[in-house]
Amino acid sequence: MKPRHNPRRANGHRRNQTRDRVYARDNTCWLCGTPVDKTLPPRLPASPEIHELIAVTRGGSPYDLSNCVLSHRACNNWIGNRTPDELARDTREKPTIQTTTLIDW
Ligand SMILES: [Zn+2]
């Protein structure tokens with residue numbers, strides 16, 4: 001059987017280590033520049049995610065701290081696989097992240 005190779009999952013421990021270091025280094029989203037709440041649970045638009053400047057599918061390293069930046073989940077989705085150069089040519093409006101709670105206690 002041929003082992004399936006997925007560079008993103010190949011080394012989970014190392015990947016977690018990279019994520020922890022990016023979380024420790026960055027406090028604001030690489031794309032929209034607003035603060036990222038690192039305590040939010042996953043899968044919310046404002047949840048913290050690691051964005052690779054050069055996507056893994058394009059040869060970027062998921063472990064290289066200079067390639068990994070903090071971003072909101074929604075921002076990361078908006079960027080997709082595009083390079084910073086391609087993003088600079090995108091004239092669409094960037095996503096707006098709601099970072100303040102709307103719940104009235
Ligand atoms: Zn953002």
# chains A, B, ... in the order shown; residues from 1 in each chain; ligands from 1
>>> residues_near_ligand(ligand="ligand 1", cutoff="7 Å", atoms="only C-alpha atoms and all ligand atoms", output="PDB file with C-alpha atoms, in the first residue's frame")
ATOM      1  CA  CYS A  29      -4.701  39.429  11.998  1.00  0.00           C
ATOM      2  CA  TRP A  30      -2.261  39.507   9.107  1.00  0.00           C
ATOM      3  CA  LEU A  31      -4.988  40.421   6.632  1.00  0.00           C
ATOM      4  CA  CYS A  32      -7.296  42.901   8.327  1.00  0.00           C
ATOM      5  CA  GLY A  33      -4.974  44.131  11.070  1.00  0.00           C
ATOM      6  CA  THR A  34      -7.499  43.893  13.893  1.00  0.00           C
ATOM      7  CA  SER A  71      -5.335  35.428  10.935  1.00  0.00           C
ATOM      8  CA  HIS A  72      -9.051  35.217  11.505  1.00  0.00           C
ATOM      9  CA  ALA A  74     -12.901  34.322   7.835  1.00  0.00           C
ATOM     10  CA  CYS A  75      -9.832  36.214   6.620  1.00  0.00           C
ATOM     11  CA  ILE A  97     -14.506  40.801  11.431  1.00  0.00           C
TER      12      ILE A  97
END
>>> residues_around(residues="segment 13-19 of chain A", least_positions_apart="6", cutoff="8 Å", atoms="only C-alpha atoms", output="NGL selection string")
:A and (50 or 62-65)
>>> atom_distance(atom1="atom CA of Pro45 of chain A", atom2="atom CA of Gly59 of chain A")
26.5 Å
>>> select_by_dssp(residues="chain A", states="strand (DSSP E or B)", output="number ranges by chain")
A: 28, 35, 48-52, 68-72
>>> atom_distance(atom1="atom CA of Tyr23 of chain A", atom2="atom CA of Val36 of chain A")
9.5 Å
>>> closest_residue(among="A:Ser61, A:Thr28, A:Asn67, A:Asn77", to="Asn11 of chain A", atoms="only C-alpha atoms")
A:Ser61
>>> closest_residue(among="A:Arg92, A:Ala55, A:Cys68, A:Pro35", to="Gly80 of chain A", atoms="only C-alpha atoms")
A:Ala55
>>> atom_distance(atom1="atom CA of Leu70 of chain A", atom2="atom CA of Pro41 of chain A")
15.1 Å
>>> residues_around(residues="Thr39 of chain A", least_positions_apart="6", cutoff="12 Å", atoms="only C-alpha atoms", output="list in words")
Tyr23, Asn27, Ala46, Ser47, Pro48 and Glu49 of chain A
>>> select_by_dssp(residues="segment 24-103 of chain A", states="helix (DSSP H, G or I)", output="list in words")
Ala24, Arg25, Val56, Thr57, Arg58, Arg73, Ala74, Cys75, Asn76, Asn77, Trp78, Ile79, Pro84, Asp85, Glu86, Leu87 and Ala88 of chain A
>>> closest_residue(among="A:Leu40, A:Arg25, A:Arg58, A:Leu53", to="Asp85 of chain A", atoms="only C-alpha atoms")
A:Leu53
>>> closest_residue(among="A:Arg21, A:Lys94, A:His51, A:Arg73", to="Asp37 of chain A", atoms="only C-alpha atoms")
A:Arg73
